[in-house]
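Source file: start32.pdb (PDB, C-alpha atoms)
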ATOM      1  CA  MET A1027      83.080  79.184  82.580  1.00  0.00           C
ATOM      2  CA  ARG A1028      81.279  80.881  79.771  1.00  0.00           C
ATOM      3  CA  ILE A1029      82.224  80.625  76.124  1.00  0.00           C
ATOM      4  CA  ILE A1030      83.350  83.880  74.517  1.00  0.00           C
ATOM      5  CA  GLN A1031      83.636  83.527  70.766  1.00  0.00           C
ATOM      6  CA  PRO A1032      86.857  84.942  69.306  1.00  0.00           C
ATOM      7  CA  PRO A1033      86.959  88.418  67.808  1.00  0.00           C
ATOM      8  CA  LYS A1034      86.844  88.996  64.103  1.00  0.00           C
ATOM      9  CA  PRO A1035      89.230  91.214  62.137  1.00  0.00           C
ATOM     10  CA  GLY A1036      88.025  94.770  62.673  1.00  0.00           C
ATOM     11  CA  ASP A1037      87.180  94.050  66.323  1.00  0.00           C
ATOM     12  CA  TYR A1038      90.682  95.116  67.346  1.00  0.00           C
ATOM     13  CA  PRO A1039      93.520  97.335  66.126  1.00  0.00           C
ATOM     14  CA  PRO A1040      95.839  95.783  63.523  1.00  0.00           C
ATOM     15  CA  TYR A1041      98.798  95.474  65.919  1.00  0.00           C
ATOM     16  CA  ALA A1042      96.764  93.228  68.245  1.00  0.00           C
ATOM     17  CA  ILE A1043      96.765  90.320  65.781  1.00  0.00           C
ATOM     18  CA  MET A1044     100.061  89.323  67.418  1.00  0.00           C
ATOM     19  CA  TYR A1045      98.091  88.584  70.609  1.00  0.00           C
ATOM     20  CA  MET A1046      94.938  87.173  69.016  1.00  0.00           C
ATOM     21  CA  LYS A1047      96.831  84.455  67.161  1.00  0.00           C
ATOM     22  CA  LEU A1048      98.307  83.110  70.433  1.00  0.00           C
ATOM     23  CA  ILE A1049      94.921  82.037  71.809  1.00  0.00           C
ATOM     24  CA  PRO A1050      92.922  79.143  70.288  1.00  0.00           C
ATOM     25  CA  ALA A1051      89.705  80.281  68.611  1.00  0.00           C
ATOM     26  CA  ASP A1052      87.527  77.803  70.497  1.00  0.00           C
ATOM     27  CA  GLY A1053      85.787  80.307  72.774  1.00  0.00           C
ATOM     28  CA  MET A1054      87.536  79.070  75.931  1.00  0.00           C
ATOM     29  CA  VAL A1055      89.474  82.301  76.546  1.00  0.00           C
ATOM     30  CA  LEU A1056      88.476  82.441  80.235  1.00  0.00           C
ATOM     31  CA  LYS A1057      89.791  78.916  80.764  1.00  0.00           C
ATOM     32  CA  TYR A1058      93.051  79.942  79.081  1.00  0.00           C
ATOM     33  CA  LEU A1059      93.273  82.960  81.375  1.00  0.00           C
ATOM     34  CA  GLN A1060      92.832  80.666  84.357  1.00  0.00           C
ATOM     35  CA  ASN A1061      95.271  77.980  83.189  1.00  0.00           C
ATOM     36  CA  ASN A1062      97.919  80.249  81.702  1.00  0.00           C
ATOM     37  CA  PHE A1063      98.328  82.108  84.983  1.00  0.00           C
ATOM     38  CA  PHE A1064      99.584  78.816  86.452  1.00  0.00           C
ATOM     39  CA  ARG A1065     101.695  78.168  83.362  1.00  0.00           C
ATOM     40  CA  VAL A1066     103.504  81.483  83.853  1.00  0.00           C
ATOM     41  CA  LYS A1067     103.778  80.969  87.610  1.00  0.00           C
ATOM     42  CA  ASP A1068     105.257  77.472  87.237  1.00  0.00           C
ATOM     43  CA  LEU A1069     107.835  78.711  84.728  1.00  0.00           C
ATOM     44  CA  VAL A1070     108.911  81.720  86.791  1.00  0.00           C
ATOM     45  CA  TYR A1071     109.097  79.820  90.085  1.00  0.00           C
ATOM     46  CA  SER A1072     111.333  77.232  88.395  1.00  0.00           C
ATOM     47  CA  LEU A1073     113.993  79.910  87.854  1.00  0.00           C
ATOM     48  CA  PRO A1074     116.756  80.886  90.254  1.00  0.00           C
ATOM     49  CA  GLU A1075     116.254  84.264  91.969  1.00  0.00           C
ATOM     50  CA  GLU A1076     119.124  85.954  90.081  1.00  0.00           C
ATOM     51  CA  ARG A1077     117.492  85.065  86.737  1.00  0.00           C
ATOM     52  CA  LEU A1078     114.441  87.143  87.704  1.00  0.00           C
ATOM     53  CA  LEU A1079     116.574  90.296  87.444  1.00  0.00           C
ATOM     54  CA  TYR A1080     118.271  89.305  84.173  1.00  0.00           C
ATOM     55  CA  ARG A1081     117.895  91.565  81.120  1.00  0.00           C
ATOM     56  CA  TYR A1082     118.668  89.993  77.757  1.00  0.00           C
ATOM     57  CA  ALA A1083     119.737  93.357  76.300  1.00  0.00           C
ATOM     58  CA  PRO A1084     120.335  96.900  77.545  1.00  0.00           C
ATOM     59  CA  GLY A1085     117.066  98.722  78.173  1.00  0.00           C
ATOM     60  CA  LYS A1086     114.990  95.521  78.286  1.00  0.00           C
ATOM     61  CA  TRP A1087     112.840  94.667  81.275  1.00  0.00           C
ATOM     62  CA  SER A1088     113.724  92.065  83.878  1.00  0.00           C
ATOM     63  CA  ILE A1089     111.422  89.090  84.370  1.00  0.00           C
ATOM     64  CA  LYS A1090     109.999  90.704  87.515  1.00  0.00           C
ATOM     65  CA  GLU A1091     109.322  93.911  85.570  1.00  0.00           C
ATOM     66  CA  THR A1092     107.695  91.863  82.820  1.00  0.00           C
ATOM     67  CA  LEU A1093     105.367  90.210  85.329  1.00  0.00           C
ATOM     68  CA  VAL A1094     104.294  93.556  86.783  1.00  0.00           C
ATOM     69  CA  HIS A1095     103.829  94.875  83.229  1.00  0.00           C
ATOM     70  CA  ILE A1096     101.475  91.940  82.502  1.00  0.00           C
ATOM     71  CA  ILE A1097      99.503  92.849  85.635  1.00  0.00           C
ATOM     72  CA  ASP A1098      99.361  96.556  84.724  1.00  0.00           C
ATOM     73  CA  ASP A1099      98.295  95.822  81.154  1.00  0.00           C
ATOM     74  CA  GLU A1100      95.605  93.404  82.315  1.00  0.00           C
ATOM     75  CA  ARG A1101      94.187  95.948  84.771  1.00  0.00           C
ATOM     76  CA  ILE A1102      94.082  98.634  82.103  1.00  0.00           C
ATOM     77  CA  PHE A1103      92.545  96.434  79.405  1.00  0.00           C
ATOM     78  CA  ALA A1104      89.981  94.964  81.824  1.00  0.00           C
ATOM     79  CA  TYR A1105      89.042  98.537  82.768  1.00  0.00           C
ATOM     80  CA  ARG A1106      88.654  99.347  79.071  1.00  0.00           C
ATOM     81  CA  ALA A1107      86.464  96.257  78.676  1.00  0.00           C
ATOM     82  CA  LEU A1108      84.269  97.386  81.573  1.00  0.00           C
ATOM     83  CA  ARG A1109      83.865 100.857  80.097  1.00  0.00           C
ATOM     84  CA  PHE A1110      83.129  99.554  76.611  1.00  0.00           C
ATOM     85  CA  ALA A1111      80.713  96.936  77.990  1.00  0.00           C
ATOM     86  CA  ARG A1112      78.829  99.744  79.717  1.00  0.00           C
ATOM     87  CA  ASN A1113      78.681 101.564  76.358  1.00  0.00           C
ATOM     88  CA  GLU A1114      81.110 104.360  77.233  1.00  0.00           C
ATOM     89  CA  GLN A1115      81.340 106.770  74.316  1.00  0.00           C
ATOM     90  CA  GLN A1116      84.357 108.772  75.492  1.00  0.00           C
ATOM     91  CA  SER A1117      87.757 107.911  74.044  1.00  0.00           C
ATOM     92  CA  LEU A1118      90.154 106.489  76.583  1.00  0.00           C
ATOM     93  CA  ILE A1119      93.692 107.710  76.963  1.00  0.00           C
ATOM     94  CA  GLY A1120      96.601 105.377  76.485  1.00  0.00           C
ATOM     95  CA  PHE A1121      99.418 104.626  78.887  1.00  0.00           C
ATOM     96  CA  ASP A1122     103.202 104.666  78.661  1.00  0.00           C
ATOM     97  CA  GLN A1123     104.209 101.090  79.432  1.00  0.00           C
ATOM     98  CA  ASP A1124     107.873 102.023  79.797  1.00  0.00           C
ATOM     99  CA  ALA A1125     107.132 104.712  82.385  1.00  0.00           C
ATOM    100  CA  TYR A1126     104.820 102.354  84.250  1.00  0.00           C
ATOM    101  CA  THR A1127     107.593  99.771  84.361  1.00  0.00           C
ATOM    102  CA  LYS A1128     110.235 102.300  85.383  1.00  0.00           C
ATOM    103  CA  TYR A1129     108.179 103.400  88.382  1.00  0.00           C
ATOM    104  CA  SER A1130     106.811  99.973  89.332  1.00  0.00           C
ATOM    105  CA  GLY A1131     109.606  99.019  91.709  1.00  0.00           C
ATOM    106  CA  ALA A1132     109.174  95.460  90.451  1.00  0.00           C
ATOM    107  CA  ASP A1133     112.781  94.378  90.921  1.00  0.00           C
ATOM    108  CA  LYS A1134     112.614  95.169  94.636  1.00  0.00           C
ATOM    109  CA  ARG A1135     109.398  93.191  95.177  1.00  0.00           C
ATOM    110  CA  ASP A1136     109.198  89.699  96.549  1.00  0.00           C
ATOM    111  CA  LEU A1137     108.067  87.177  93.926  1.00  0.00           C
ATOM    112  CA  ASP A1138     105.304  85.874  96.194  1.00  0.00           C
ATOM    113  CA  ASN A1139     103.966  89.435  96.476  1.00  0.00           C
ATOM    114  CA  ILE A1140     103.967  89.876  92.693  1.00  0.00           C
ATOM    115  CA  PHE A1141     102.070  86.627  92.161  1.00  0.00           C
ATOM    116  CA  GLU A1142      99.593  87.471  94.915  1.00  0.00           C
ATOM    117  CA  GLU A1143      98.690  90.638  93.014  1.00  0.00           C
ATOM    118  CA  TYR A1144      98.782  88.846  89.662  1.00  0.00           C
ATOM    119  CA  GLU A1145      96.320  86.206  90.896  1.00  0.00           C
ATOM    120  CA  ALA A1146      93.972  88.799  92.408  1.00  0.00           C
ATOM    121  CA  VAL A1147      93.897  90.775  89.160  1.00  0.00           C
ATOM    122  CA  ARG A1148      93.392  87.595  87.124  1.00  0.00           C
ATOM    123  CA  ASN A1149      90.494  86.444  89.288  1.00  0.00           C
ATOM    124  CA  ALA A1150      88.892  89.890  88.962  1.00  0.00           C
ATOM    125  CA  THR A1151      89.347  89.814  85.172  1.00  0.00           C
ATOM    126  CA  ILE A1152      87.737  86.394  84.842  1.00  0.00           C
ATOM    127  CA  ALA A1153      84.856  87.450  87.111  1.00  0.00           C
ATOM    128  CA  LEU A1154      84.312  90.604  85.030  1.00  0.00           C
ATOM    129  CA  PHE A1155      84.104  88.775  81.708  1.00  0.00           C
ATOM    130  CA  ASN A1156      82.129  85.895  83.212  1.00  0.00           C
ATOM    131  CA  GLY A1157      79.470  88.297  84.484  1.00  0.00           C
ATOM    132  CA  LEU A1158      78.942  90.533  81.458  1.00  0.00           C
ATOM    133  CA  PRO A1159      75.686  90.326  79.517  1.00  0.00           C
ATOM    134  CA  GLU A1160      76.143  88.528  76.204  1.00  0.00           C
ATOM    135  CA  GLU A1161      75.344  91.623  74.126  1.00  0.00           C
ATOM    136  CA  ALA A1162      78.204  93.533  75.787  1.00  0.00           C
ATOM    137  CA  PHE A1163      80.862  91.490  73.965  1.00  0.00           C
ATOM    138  CA  ASP A1164      80.140  93.136  70.622  1.00  0.00           C
ATOM    139  CA  ARG A1165      80.207  96.679  71.956  1.00  0.00           C
ATOM    140  CA  LYS A1166      83.137  98.619  70.609  1.00  0.00           C
ATOM    141  CA  GLY A1167      84.867 101.469  72.332  1.00  0.00           C
ATOM    142  CA  HIS A1168      87.496 104.015  71.451  1.00  0.00           C
ATOM    143  CA  GLY A1169      91.028 103.825  72.696  1.00  0.00           C
ATOM    144  CA  THR A1170      93.546 106.541  71.998  1.00  0.00           C
ATOM    145  CA  GLY A1171      92.082 107.711  68.721  1.00  0.00           C
ATOM    146  CA  THR A1172      90.129 105.358  66.489  1.00  0.00           C
ATOM    147  CA  ALA A1173      93.300 103.377  65.676  1.00  0.00           C
ATOM    148  CA  ASN A1174      92.859 101.582  69.008  1.00  0.00           C
ATOM    149  CA  ASP A1175      89.144 100.786  68.842  1.00  0.00           C
ATOM    150  CA  ALA A1176      88.235  97.336  70.134  1.00  0.00           C
ATOM    151  CA  THR A1177      85.240  95.237  71.093  1.00  0.00           C
ATOM    152  CA  VAL A1178      84.866  93.833  74.578  1.00  0.00           C
ATOM    153  CA  ARG A1179      85.423  90.298  73.240  1.00  0.00           C
ATOM    154  CA  ALA A1180      88.657  91.425  71.575  1.00  0.00           C
ATOM    155  CA  LEU A1181      89.890  92.856  74.872  1.00  0.00           C
ATOM    156  CA  ALA A1182      89.397  89.475  76.584  1.00  0.00           C
ATOM    157  CA  TYR A1183      91.538  87.836  73.906  1.00  0.00           C
ATOM    158  CA  HIS A1184      94.041  90.700  74.017  1.00  0.00           C
ATOM    159  CA  ILE A1185      94.613  90.144  77.748  1.00  0.00           C
ATOM    160  CA  ALA A1186      95.103  86.402  77.270  1.00  0.00           C
ATOM    161  CA  GLY A1187      97.307  86.782  74.196  1.00  0.00           C
ATOM    162  CA  HIS A1188      99.415  89.528  75.738  1.00  0.00           C
ATOM    163  CA  GLU A1189     100.234  87.235  78.647  1.00  0.00           C
ATOM    164  CA  MET A1190     101.250  84.429  76.271  1.00  0.00           C
ATOM    165  CA  HIS A1191     103.342  86.867  74.212  1.00  0.00           C
ATOM    166  CA  HIS A1192     105.415  87.639  77.303  1.00  0.00           C
ATOM    167  CA  TYR A1193     105.481  83.988  78.396  1.00  0.00           C
ATOM    168  CA  PHE A1194     107.092  83.066  75.081  1.00  0.00           C
ATOM    169  CA  LEU A1195     109.475  86.037  75.307  1.00  0.00           C
ATOM    170  CA  ILE A1196     110.610  84.838  78.721  1.00  0.00           C
ATOM    171  CA  LYS A1197     111.151  81.323  77.393  1.00  0.00           C
ATOM    172  CA  ASN A1198     112.922  82.444  74.228  1.00  0.00           C
ATOM    173  CA  LYS A1199     114.890  85.524  75.324  1.00  0.00           C
ATOM    174  CA  TYR A1200     115.491  85.195  79.050  1.00  0.00           C
ATOM    175  CA  LEU A1201     116.251  81.499  79.418  1.00  0.00           C
ATOM    176  CA  THR A1202     118.860  81.170  76.692  1.00  0.00           C
ATOM    177  CA  LEU A1203     122.398  82.426  77.102  1.00  0.00           C
TER     178      LEU A1203
END
Take the structure from the file and write it as structure tokens.
Amino acid sequence: MRIIQPPKPGDYPPYAIMYMKLIPADGMVLKYLQNNFFRVKDLVYSLPEERLLYRYAPGKWSIKETLVHIIDDERIFAYRALRFARNEQQSLIGFDQDAYTKYSGADKRDLDNIFEEYEAVRNATIALFNGLPEEAFDRKGHGTGTANDATVRALAYHIAGHEMHHYFLIKNKYLTL
């Protein structure tokens, strides 16, 4: 897999530092995307079925909802990366993650079905970033307003870091009673 050097400050919105710092800055982000999918899958499949519907506080997502949220976010950020890589100049609209989760039907889905989709999206994401021309990684696009501008390279790290953010939330909030 190709090496994608980590983004620099200014390549991503300030809030995204929480995701960037969860991925080593060694350029192996695609390998982390590949390996961390299995890390999440192994953790979730080790849990009893009833734990997958657990919410650690009122209004918080279940583990199944969290998994579908990771998938949705990855699809959206990979789409942003594609548009920015192709030098799109139009600002992109944001999305309401809570509404997406509410209407996802995640809690009624079979876990195998969720991971089948998760793996398909992950493979597509890796293929996208693996096939981009090198110069595309420094192209910057506009999210919702300029406060969400990001380079293509930053979006690769965002996707990987976002997954790890939720992995650690599951470990720290959902597995302790």
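With all atoms listed in the file as the atoms that count, the residue of A:Arg1109, A:Lys1128, A:Arg1101, A:Lys1134 with the shortest distance to Ala1146 of chain A is A:Arg1101.
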Using all atoms listed in the file, which residues sit within 8 Å of His1188 of chain A once same-chain residues fewer than 4 positions away are excluded, as a ChimeraX atom specification? /A:1045,1096,1184,1192
Taking C-alpha atoms for each residue, export the selection above as a compact mmCIF listing (two decimals), in the frame of the given file.
# COMPACT_ATOMS: atom_id res chain seq x y z
CA TYR A 1045 98.09 88.58 70.61
CA ILE A 1096 101.48 91.94 82.50
CA HIS A 1184 94.04 90.70 74.02
CA HIS A 1192 105.42 87.64 77.30
Could you build a table of the residues in segment 1147-1182 of chain A lying no more than 12 Å from segment 1059-1078 of chain A, giving for each the nearest pair of atoms and their separation in Å rounded to one decimal place, using only C-alpha atoms, ordered by chain and ascending residue number, as a tab-separated table?
residue	atom	partner	partner_atom	distance
A:Val1147	CA	A:Phe1063	CA	10.6
A:Arg1148	CA	A:Leu1059	CA	7.4
A:Asn1149	CA	A:Gln1060	CA	7.9
A:Ala1150	CA	A:Gln1060	CA	11.0
A:Thr1151	CA	A:Leu1059	CA	8.8
A:Ile1152	CA	A:Leu1059	CA	7.4
A:Ala1153	CA	A:Gln1060	CA	10.8
A:Phe1155	CA	A:Leu1059	CA	10.9
A:Asn1156	CA	A:Leu1059	CA	11.7
A:Ala1182	CA	A:Leu1059	CA	9.0
Using all atoms listed in the file, which of the listed residues (A:Leu1079, A:Asp1124, A:Pro1032, A:Glu1114) sits closest to Met1046 of chain A? A:Pro1032
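Atom CA of Met1044 of chain A lies 26.5 Å from atom CA of Tyr1129 of chain A.
In this model, the gap between atom CA of Arg1179 of chain A and atom CA of Glu1145 of chain A comes to 21.1 Å.
Nearest residue to Ile1097 of chain A, choosing from A:Asp1052, A:Glu1189, A:Asp1122, A:Glu1160 and counting all atoms listed in the file: A:Glu1189.
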Please output segment 1095-1106 of chain A, rebuilt to include all heavy atoms, as a compact mmCIF listing (two decimals), in the coordinates of the input.
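result-v5.txt was written with the following content:
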# COMPACT_ATOMS: atom_id res chain seq x y z
N HIS A 1095 104.40 94.31 84.46
CA HIS A 1095 103.83 94.88 83.23
C HIS A 1095 102.59 94.09 82.79
O HIS A 1095 101.58 94.69 82.40
CB HIS A 1095 104.87 94.87 82.11
CG HIS A 1095 104.29 95.05 80.76
ND1 HIS A 1095 103.75 96.25 80.32
CD2 HIS A 1095 104.11 94.16 79.74
CE1 HIS A 1095 103.28 96.09 79.09
NE2 HIS A 1095 103.49 94.84 78.72
N ILE A 1096 102.65 92.76 82.86
CA ILE A 1096 101.48 91.94 82.50
C ILE A 1096 100.29 92.31 83.40
O ILE A 1096 99.17 92.47 82.92
CB ILE A 1096 101.80 90.44 82.61
CG1 ILE A 1096 102.82 90.02 81.53
CG2 ILE A 1096 100.53 89.59 82.48
CD1 ILE A 1096 103.41 88.62 81.74
N ILE A 1097 100.56 92.47 84.68
CA ILE A 1097 99.50 92.85 85.64
C ILE A 1097 98.93 94.22 85.29
O ILE A 1097 97.71 94.40 85.23
CB ILE A 1097 100.05 92.85 87.08
CG1 ILE A 1097 100.48 91.45 87.51
CG2 ILE A 1097 99.00 93.41 88.04
CD1 ILE A 1097 101.34 91.44 88.77
N ASP A 1098 99.81 95.20 85.06
CA ASP A 1098 99.36 96.56 84.72
C ASP A 1098 98.52 96.55 83.46
O ASP A 1098 97.44 97.15 83.40
CB ASP A 1098 100.55 97.50 84.51
CG ASP A 1098 101.29 97.88 85.78
OD1 ASP A 1098 100.79 97.60 86.89
OD2 ASP A 1098 102.38 98.46 85.65
N ASP A 1099 99.00 95.88 82.43
CA ASP A 1099 98.30 95.82 81.15
C ASP A 1099 96.93 95.17 81.33
O ASP A 1099 95.93 95.64 80.78
CB ASP A 1099 99.14 95.05 80.14
CG ASP A 1099 98.58 95.12 78.75
OD1 ASP A 1099 98.88 96.08 78.02
OD2 ASP A 1099 97.83 94.20 78.37
N GLU A 1100 96.88 94.09 82.10
CA GLU A 1100 95.60 93.40 82.32
C GLU A 1100 94.61 94.31 83.03
O GLU A 1100 93.44 94.37 82.67
CB GLU A 1100 95.82 92.12 83.11
CG GLU A 1100 94.54 91.34 83.31
CD GLU A 1100 94.76 89.93 83.77
OE1 GLU A 1100 95.84 89.36 83.53
OE2 GLU A 1100 93.82 89.36 84.37
N ARG A 1101 95.07 95.01 84.05
CA ARG A 1101 94.19 95.95 84.77
C ARG A 1101 93.62 97.00 83.83
O ARG A 1101 92.44 97.31 83.86
CB ARG A 1101 94.97 96.68 85.87
CG ARG A 1101 94.90 96.07 87.19
CD ARG A 1101 95.36 97.09 88.25
NE ARG A 1101 95.17 96.50 89.54
CZ ARG A 1101 96.15 96.09 90.33
NH1 ARG A 1101 97.40 96.22 89.96
NH2 ARG A 1101 95.87 95.55 91.49
N ILE A 1102 94.49 97.56 83.01
CA ILE A 1102 94.08 98.63 82.10
C ILE A 1102 93.12 98.11 81.04
O ILE A 1102 92.08 98.74 80.76
CB ILE A 1102 95.33 99.30 81.49
CG1 ILE A 1102 96.05 100.10 82.58
CG2 ILE A 1102 94.96 100.18 80.29
CD1 ILE A 1102 97.47 100.51 82.22
N PHE A 1103 93.41 96.96 80.46
CA PHE A 1103 92.54 96.43 79.40
C PHE A 1103 91.23 95.89 79.97
O PHE A 1103 90.20 95.97 79.30
CB PHE A 1103 93.29 95.43 78.53
CG PHE A 1103 94.13 96.12 77.49
CD1 PHE A 1103 95.38 96.64 77.81
CD2 PHE A 1103 93.66 96.30 76.21
CE1 PHE A 1103 96.14 97.31 76.87
CE2 PHE A 1103 94.41 96.97 75.25
CZ PHE A 1103 95.66 97.48 75.59
N ALA A 1104 91.24 95.38 81.18
CA ALA A 1104 89.98 94.96 81.82
C ALA A 1104 89.13 96.20 82.12
O ALA A 1104 87.90 96.17 81.96
CB ALA A 1104 90.26 94.16 83.09
N TYR A 1105 89.77 97.28 82.53
CA TYR A 1105 89.04 98.54 82.77
C TYR A 1105 88.43 99.05 81.45
O TYR A 1105 87.28 99.48 81.42
CB TYR A 1105 89.99 99.57 83.36
CG TYR A 1105 89.43 100.96 83.46
CD1 TYR A 1105 88.42 101.27 84.37
CD2 TYR A 1105 89.92 102.00 82.66
CE1 TYR A 1105 87.91 102.55 84.46
CE2 TYR A 1105 89.42 103.28 82.74
CZ TYR A 1105 88.41 103.55 83.65
OH TYR A 1105 87.91 104.82 83.73
N ARG A 1106 89.20 98.96 80.38
CA ARG A 1106 88.65 99.35 79.07
C ARG A 1106 87.45 98.47 78.73
O ARG A 1106 86.43 98.97 78.24
CB ARG A 1106 89.72 99.21 77.99
CG ARG A 1106 90.79 100.25 78.06
CD ARG A 1106 91.85 100.05 76.99
NE ARG A 1106 92.90 101.05 77.15
CZ ARG A 1106 93.95 101.15 76.37
NH1 ARG A 1106 94.10 100.31 75.35
NH2 ARG A 1106 94.86 102.07 76.58
